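Listing of protein17.txt, compact mmCIF, C-alpha atoms and all ligand atoms
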```txt
# COMPACT_ATOMS: atom_id res chain seq x y z
CA MET W 1177 0.00 0.00 0.00
CA SER W 1178 1.40 3.37 -0.87
CA PHE W 1179 2.15 5.87 1.84
CA PRO W 1180 1.90 9.34 0.28
CA ILE W 1181 3.97 12.13 1.73
CA VAL W 1182 4.37 15.81 0.89
CA ILE W 1183 7.72 17.52 1.52
CA LEU W 1184 7.86 21.24 2.36
CA ILE W 1185 11.13 23.09 1.76
CA SER W 1186 12.53 26.62 1.72
CA GLY W 1187 16.13 26.13 0.57
CA ARG W 1188 18.77 23.96 -1.02
CA GLY W 1189 16.90 20.72 -0.37
CA SER W 1190 19.62 18.22 0.57
CA ASN W 1191 17.33 16.43 3.03
CA MET W 1192 14.55 16.44 0.44
CA LEU W 1193 16.88 14.99 -2.19
CA ARG W 1194 17.96 12.20 0.13
CA LEU W 1195 14.30 11.45 0.86
CA LEU W 1196 13.69 11.18 -2.89
CA GLU W 1197 16.69 8.94 -3.48
CA TYR W 1198 16.16 6.62 -0.51
CA GLN W 1199 14.28 3.52 -1.58
CA GLY W 1200 11.69 3.92 1.17
CA ASN W 1201 8.17 2.58 1.45
CA TYR W 1202 6.65 5.97 0.78
CA GLU W 1203 5.68 7.95 -2.28
CA VAL W 1204 6.55 11.63 -2.55
CA ARG W 1205 3.36 13.12 -3.91
CA ALA W 1206 4.78 16.64 -4.21
CA VAL W 1207 7.46 19.04 -3.03
CA ILE W 1208 6.19 22.48 -2.07
CA SER W 1209 8.38 25.52 -1.46
CA ASN W 1210 7.45 28.83 0.11
CA LYS W 1211 10.49 30.39 -1.60
CA VAL W 1212 10.83 30.86 -5.34
CA GLU W 1213 14.63 30.71 -5.04
CA ALA W 1214 14.72 27.34 -3.26
CA GLY W 1215 17.35 25.20 -5.01
CA GLY W 1216 15.50 22.05 -3.99
CA ILE W 1217 12.70 22.75 -6.47
CA ALA W 1218 14.97 22.19 -9.49
CA LEU W 1219 16.40 19.03 -7.89
CA ALA W 1220 12.91 17.59 -7.42
CA THR W 1221 11.80 18.59 -10.93
CA GLN W 1222 14.88 16.89 -12.44
CA ARG W 1223 13.77 13.71 -10.72
CA GLY W 1224 10.24 13.93 -12.07
CA VAL W 1225 8.60 14.82 -8.76
CA PRO W 1226 5.70 17.29 -8.95
CA THR W 1227 6.64 20.64 -7.44
CA ARG W 1228 4.74 23.74 -6.42
CA VAL W 1229 6.06 27.14 -5.43
CA VAL W 1230 3.82 29.28 -3.26
CA SER W 1231 5.69 32.56 -3.15
CA ARG W 1232 4.97 35.40 -0.78
CA ALA W 1233 5.11 37.84 -3.71
CA ASP W 1234 1.93 36.34 -5.20
CA PHE W 1235 -0.18 36.99 -2.10
CA PRO W 1236 -1.43 40.11 -0.34
CA SER W 1237 -0.11 38.88 3.03
CA GLY W 1238 2.02 36.21 4.65
CA ALA W 1239 -1.15 34.83 6.20
CA ALA W 1240 -2.73 34.38 2.76
CA GLN W 1241 0.40 32.64 1.47
CA LYS W 1242 0.39 30.24 4.45
CA ARG W 1243 -3.30 29.53 3.92
CA GLU W 1244 -2.62 28.64 0.28
CA ILE W 1245 0.18 26.23 1.29
CA PHE W 1246 -2.23 24.63 3.74
CA GLU W 1247 -4.94 24.28 1.06
CA GLN W 1248 -2.48 22.74 -1.39
CA VAL W 1249 -1.27 20.22 1.18
CA LYS W 1250 -4.87 19.33 2.06
CA GLU W 1251 -5.71 18.77 -1.59
CA LEU W 1252 -2.70 16.43 -1.95
CA ASP W 1253 -4.06 14.38 0.97
CA PRO W 1254 -0.76 13.00 2.33
CA ARG W 1255 -0.44 10.57 5.22
CA LEU W 1256 2.61 12.49 6.44
CA ILE W 1257 3.92 16.03 5.94
CA VAL W 1258 7.69 16.25 6.03
CA LEU W 1259 9.30 19.61 6.81
CA ALA W 1260 12.81 19.44 5.32
CA GLY W 1261 14.43 22.82 5.84
CA TYR W 1262 11.06 24.58 5.83
CA MET W 1263 11.84 27.95 7.39
CA GLN W 1264 8.32 29.06 8.20
CA ILE W 1265 6.19 28.57 11.29
CA VAL W 1266 3.30 26.19 10.70
CA GLU W 1267 0.09 27.90 11.80
CA PRO W 1268 -2.05 26.35 14.58
CA TYR W 1269 -4.90 25.53 12.15
CA PHE W 1270 -2.41 23.55 10.04
CA VAL W 1271 -1.10 21.62 13.06
CA GLU W 1272 -4.65 20.93 14.21
CA GLU W 1273 -5.77 19.58 10.83
CA PHE W 1274 -2.75 17.26 10.59
CA GLU W 1275 -2.14 16.56 14.25
CA GLY W 1276 0.48 13.85 14.76
CA ARG W 1277 1.21 13.79 11.02
CA ILE W 1278 3.82 16.56 10.59
CA VAL W 1279 7.53 15.89 11.19
CA ASN W 1280 10.49 18.27 11.12
CA ILE W 1281 14.26 17.88 11.22
CA HIS W 1282 16.15 20.26 13.45
CA PRO W 1283 19.95 20.63 13.71
CA SER W 1284 20.42 20.11 17.44
CA LEU W 1285 19.83 17.52 20.11
CA LEU W 1286 16.48 18.87 21.26
CA PRO W 1287 15.28 20.02 23.73
CA ASP W 1288 18.66 21.81 23.70
CA PHE W 1289 19.15 24.61 21.19
CA PRO W 1290 15.79 25.14 19.54
CA GLY W 1291 15.72 27.97 16.98
CA LEU W 1292 18.45 29.26 14.67
CA ASP W 1293 22.29 29.25 14.57
CA THR W 1294 22.52 26.03 16.52
CA HIS W 1295 26.10 25.14 15.49
CA ALA W 1296 27.60 28.43 16.69
CA ARG W 1297 25.56 28.27 19.89
CA VAL W 1298 26.71 24.72 20.67
CA LEU W 1299 30.35 25.83 20.20
CA ALA W 1300 29.86 28.93 22.34
CA ALA W 1301 28.35 26.77 25.09
CA LYS W 1302 31.36 24.38 24.85
CA ARG W 1303 29.14 21.34 24.56
CA PRO W 1304 30.91 18.02 23.97
CA GLU W 1305 28.25 16.79 21.58
CA HIS W 1306 25.75 18.03 19.04
CA GLY W 1307 23.45 16.43 16.51
CA CYS W 1308 20.05 16.46 14.90
CA THR W 1309 16.51 15.58 15.89
CA VAL W 1310 13.43 14.48 13.99
CA HIS W 1311 10.38 15.55 15.95
CA LEU W 1312 6.64 15.91 15.70
CA VAL W 1313 5.49 19.41 14.91
CA ASP W 1314 3.22 21.12 17.39
CA THR W 1315 2.33 24.80 17.69
CA GLY W 1316 5.64 25.73 19.38
CA VAL W 1317 9.06 26.24 17.77
CA ASP W 1318 10.96 22.92 17.82
CA THR W 1319 8.97 21.74 20.84
CA GLY W 1320 7.05 18.69 19.58
CA SER W 1321 7.71 15.13 20.78
CA ILE W 1322 11.14 13.81 19.89
CA ILE W 1323 11.01 10.86 17.47
CA ALA W 1324 14.71 10.10 16.91
CA GLN W 1325 18.14 11.71 17.14
CA ALA W 1326 21.67 11.27 15.79
CA ALA W 1327 24.63 12.69 17.70
CA VAL W 1328 28.14 13.80 16.71
CA SER W 1329 31.09 14.68 18.94
CA VAL W 1330 32.26 18.27 18.96
CA LEU W 1331 35.96 18.20 18.06
CA ASP W 1332 38.80 20.53 19.00
CA GLY W 1333 39.09 23.19 16.33
CA ASP W 1334 35.52 22.80 15.09
CA THR W 1335 33.96 25.87 13.50
CA PRO W 1336 30.24 26.31 12.90
CA ASP W 1337 30.86 25.15 9.31
CA THR W 1338 32.79 21.98 10.12
CA LEU W 1339 30.27 21.07 12.77
CA ALA W 1340 27.36 21.79 10.42
CA LYS W 1341 28.82 19.43 7.81
CA ARG W 1342 29.03 16.52 10.26
CA VAL W 1343 25.53 17.19 11.57
CA GLN W 1344 24.18 17.35 8.01
CA THR W 1345 25.73 13.98 7.20
CA GLU W 1346 23.78 12.58 10.15
CA GLU W 1347 20.59 14.33 9.06
CA LEU W 1348 20.79 12.57 5.69
CA ARG W 1349 21.07 9.20 7.45
CA LEU W 1350 18.41 9.86 10.05
CA PHE W 1351 15.54 11.55 8.24
CA PRO W 1352 14.74 8.98 5.50
CA TRP W 1353 15.08 6.18 8.01
CA VAL W 1354 12.51 7.82 10.31
CA VAL W 1355 10.07 8.52 7.46
CA ASP W 1356 10.39 4.93 6.26
CA GLN W 1357 9.81 3.59 9.78
CA ILE W 1358 6.65 5.69 10.01
CA ALA W 1359 5.49 4.53 6.55
CA THR W 1360 5.92 0.90 7.60
CA SER W 1361 4.26 1.42 11.02
CA GLN W 1362 7.46 0.60 12.88
CA ILE W 1363 7.15 4.04 14.40
CA VAL W 1364 3.58 5.04 15.14
CA LEU W 1365 2.74 8.69 15.64
CA SER W 1366 -0.27 10.21 17.27
CA ALA W 1367 -0.96 13.62 18.72
CA ALA W 1368 -0.33 12.28 22.22
CA GLU W 1369 2.69 9.99 21.80
CA VAL W 1370 5.28 8.26 19.65
CA ARG W 1371 5.43 4.46 19.82
CA TYR W 1372 8.10 2.11 18.50
CA THR W 1373 8.08 -1.56 17.66
CA HIS W 1374 10.82 -3.69 19.12
CA ALA W 1375 12.28 -4.01 15.60
CA ALA W 1376 12.46 -0.23 15.26
CA ARG W 1377 14.34 0.04 18.55
CA VAL W 1378 16.82 -2.65 17.51
CA ASP W 1379 17.34 -1.08 14.09
CA ALA W 1380 17.82 2.38 15.62
CA ALA W 1381 20.44 1.05 18.04
CA GLN W 1382 22.30 -0.69 15.21
CA ARG W 1383 22.42 2.55 13.27
CA ASN W 1384 23.50 4.50 16.34
CA PHE W 1385 20.28 6.52 16.44
CA ARG W 1386 18.77 7.54 19.75
CA ILE W 1387 15.11 7.12 20.45
CA PRO W 1388 13.35 8.03 23.69
CA SER W 1389 13.00 5.07 26.05
C1 LIG W 1401 18.87 21.37 7.83
O1 LIG W 1401 20.03 21.62 8.53
C2 LIG W 1401 17.72 21.12 8.77
O2 LIG W 1401 18.10 20.58 9.97
C3 LIG W 1401 17.15 22.50 8.99
O3 LIG W 1401 17.32 23.16 7.76
C4 LIG W 1401 18.40 22.60 7.05
C5 LIG W 1401 17.90 22.24 5.70
O4 LIG W 1401 18.91 21.91 4.82
N1 LIG W 1401 15.79 22.41 9.44
P1 LIG W 1401 18.54 21.31 3.40
O5 LIG W 1401 17.63 22.30 2.70
O6 LIG W 1401 17.88 19.98 3.59
O7 LIG W 1401 19.85 21.19 2.67
```

Using structure tokens, write down the structure that the file contains.
Amino acid sequence: MSFPIVILISGRGSNMLRLLEYQGNYEVRAVISNKVEAGGIALATQRGVPTRVVSRADFPSGAAQKREIFEQVKELDPRLIVLAGYMQIVEPYFVEEFEGRIVNIHPSLLPDFPGLDTHARVLAAKRPEHGCTVHLVDTGVDTGSIIAQAAVSVLDGDTPDTLAKRVQTEELRLFPWVVDQIATSQIVLSAAEVRYTHAARVDAAQRNFRIPS
């Protein structure tokens, strides 16, 4: 049975591309960008995936643009909405309509370092480790239930750029795995909780991913 997903992006789209290339048990019904300049749109088009750009310039307000993105996602009727570098807050009505069905990837080990500039902030705080988190989206900023994480060590001499590269390598391993686990019901999401089969826990441990106990 197909498991349709819609991917929302705003930028270069490396996570999106990896999701397209991973041979997962899901079907990418469309990639939607809120930015006309998002490099990921061309990457998706080259791979034959339907794309839509909903640009702020075409709407009288940011609220109207967000409403249009919501309407387009609704029409596509996905089982899961995947935010892959989508730099826009998802409105409460959107979260409510798709409760427990929106996931995001964030470049830190949440709940530490929500928000922007995580790599520089981790270095400034002299943390020994950093990483990325896939989490459920709720109405807060990077506050939804944690689904899975991948960690990297912070090394002597790291700069925000070197650290970002290692975290991004982990993002590309983690995100498609999580989406595939959801598509195959090995990870089960609901508004209230995230549940894992035993097989998902074993597989996560083998891949060095962390999941909440
Ligand atoms: C990633 O670092 C992700 O964690 C954050 O935005 C970035 C998107 O990068 N949410 P890309 O567009 O997938 O290359």

Pick out the closest residue to Pro1388 of chain W from this set: W:Asp1253, W:Glu1369, W:Glu1203, W:Asp1334. Count all atoms listed in the file.
W:Glu1369

Protein and nucleic acid residues within 9 Å of ligand LIG 1401 (chain W) (all atoms listed in the file) as number ranges by chain:
W: 1185-1194, 1214-1216, 1259-1263, 1280-1284, 1292, 1308-1310, 1340, 1343-1344, 1347-1348

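Using only C-alpha atoms, the shortest contact distance between Glu1305 of chain W and any of W:Ser1329, W:Ser1321, W:Thr1335, W:Thr1221 is found at W:Ser1329.
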
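Counting from atom CA of Leu1256 of chain W, the distance to atom CA of Val1207 of chain W is 12.5 Å.
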
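Distance annotation: of W:Glu1244, W:Val1317, W:Thr1227, W:His1306, the residue with the minimal separation from Ile1265 of chain W is W:Val1317; atom set is only C-alpha atoms.
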
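Using all atoms listed in the file, the smallest distance between any of W:Leu1299, W:Leu1219, W:Ala1375, W:Leu1195 and Gln1362 of chain W comes from W:Ala1375.
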
As lines of an AutoDock Vina configuration file: centre and edge lengths in Å, one decimal, of the axis-aligned box holding segment 1357-1374 of chain W with 5 Å per side:
```
center_x = 4.9
center_y = 5.0
center_z = 14.4
size_x = 21.8
size_y = 27.3
size_z = 25.7
```

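Using only C-alpha atoms, the nearest neighbour of Val1249 of chain W within the list W:Leu1339, W:Leu1196, W:Ala1206, W:Ala1233 is W:Ala1206.
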
Between atom CA of Leu1184 of chain W and atom CA of Val1298 of chain W lies a distance of 26.5 Å
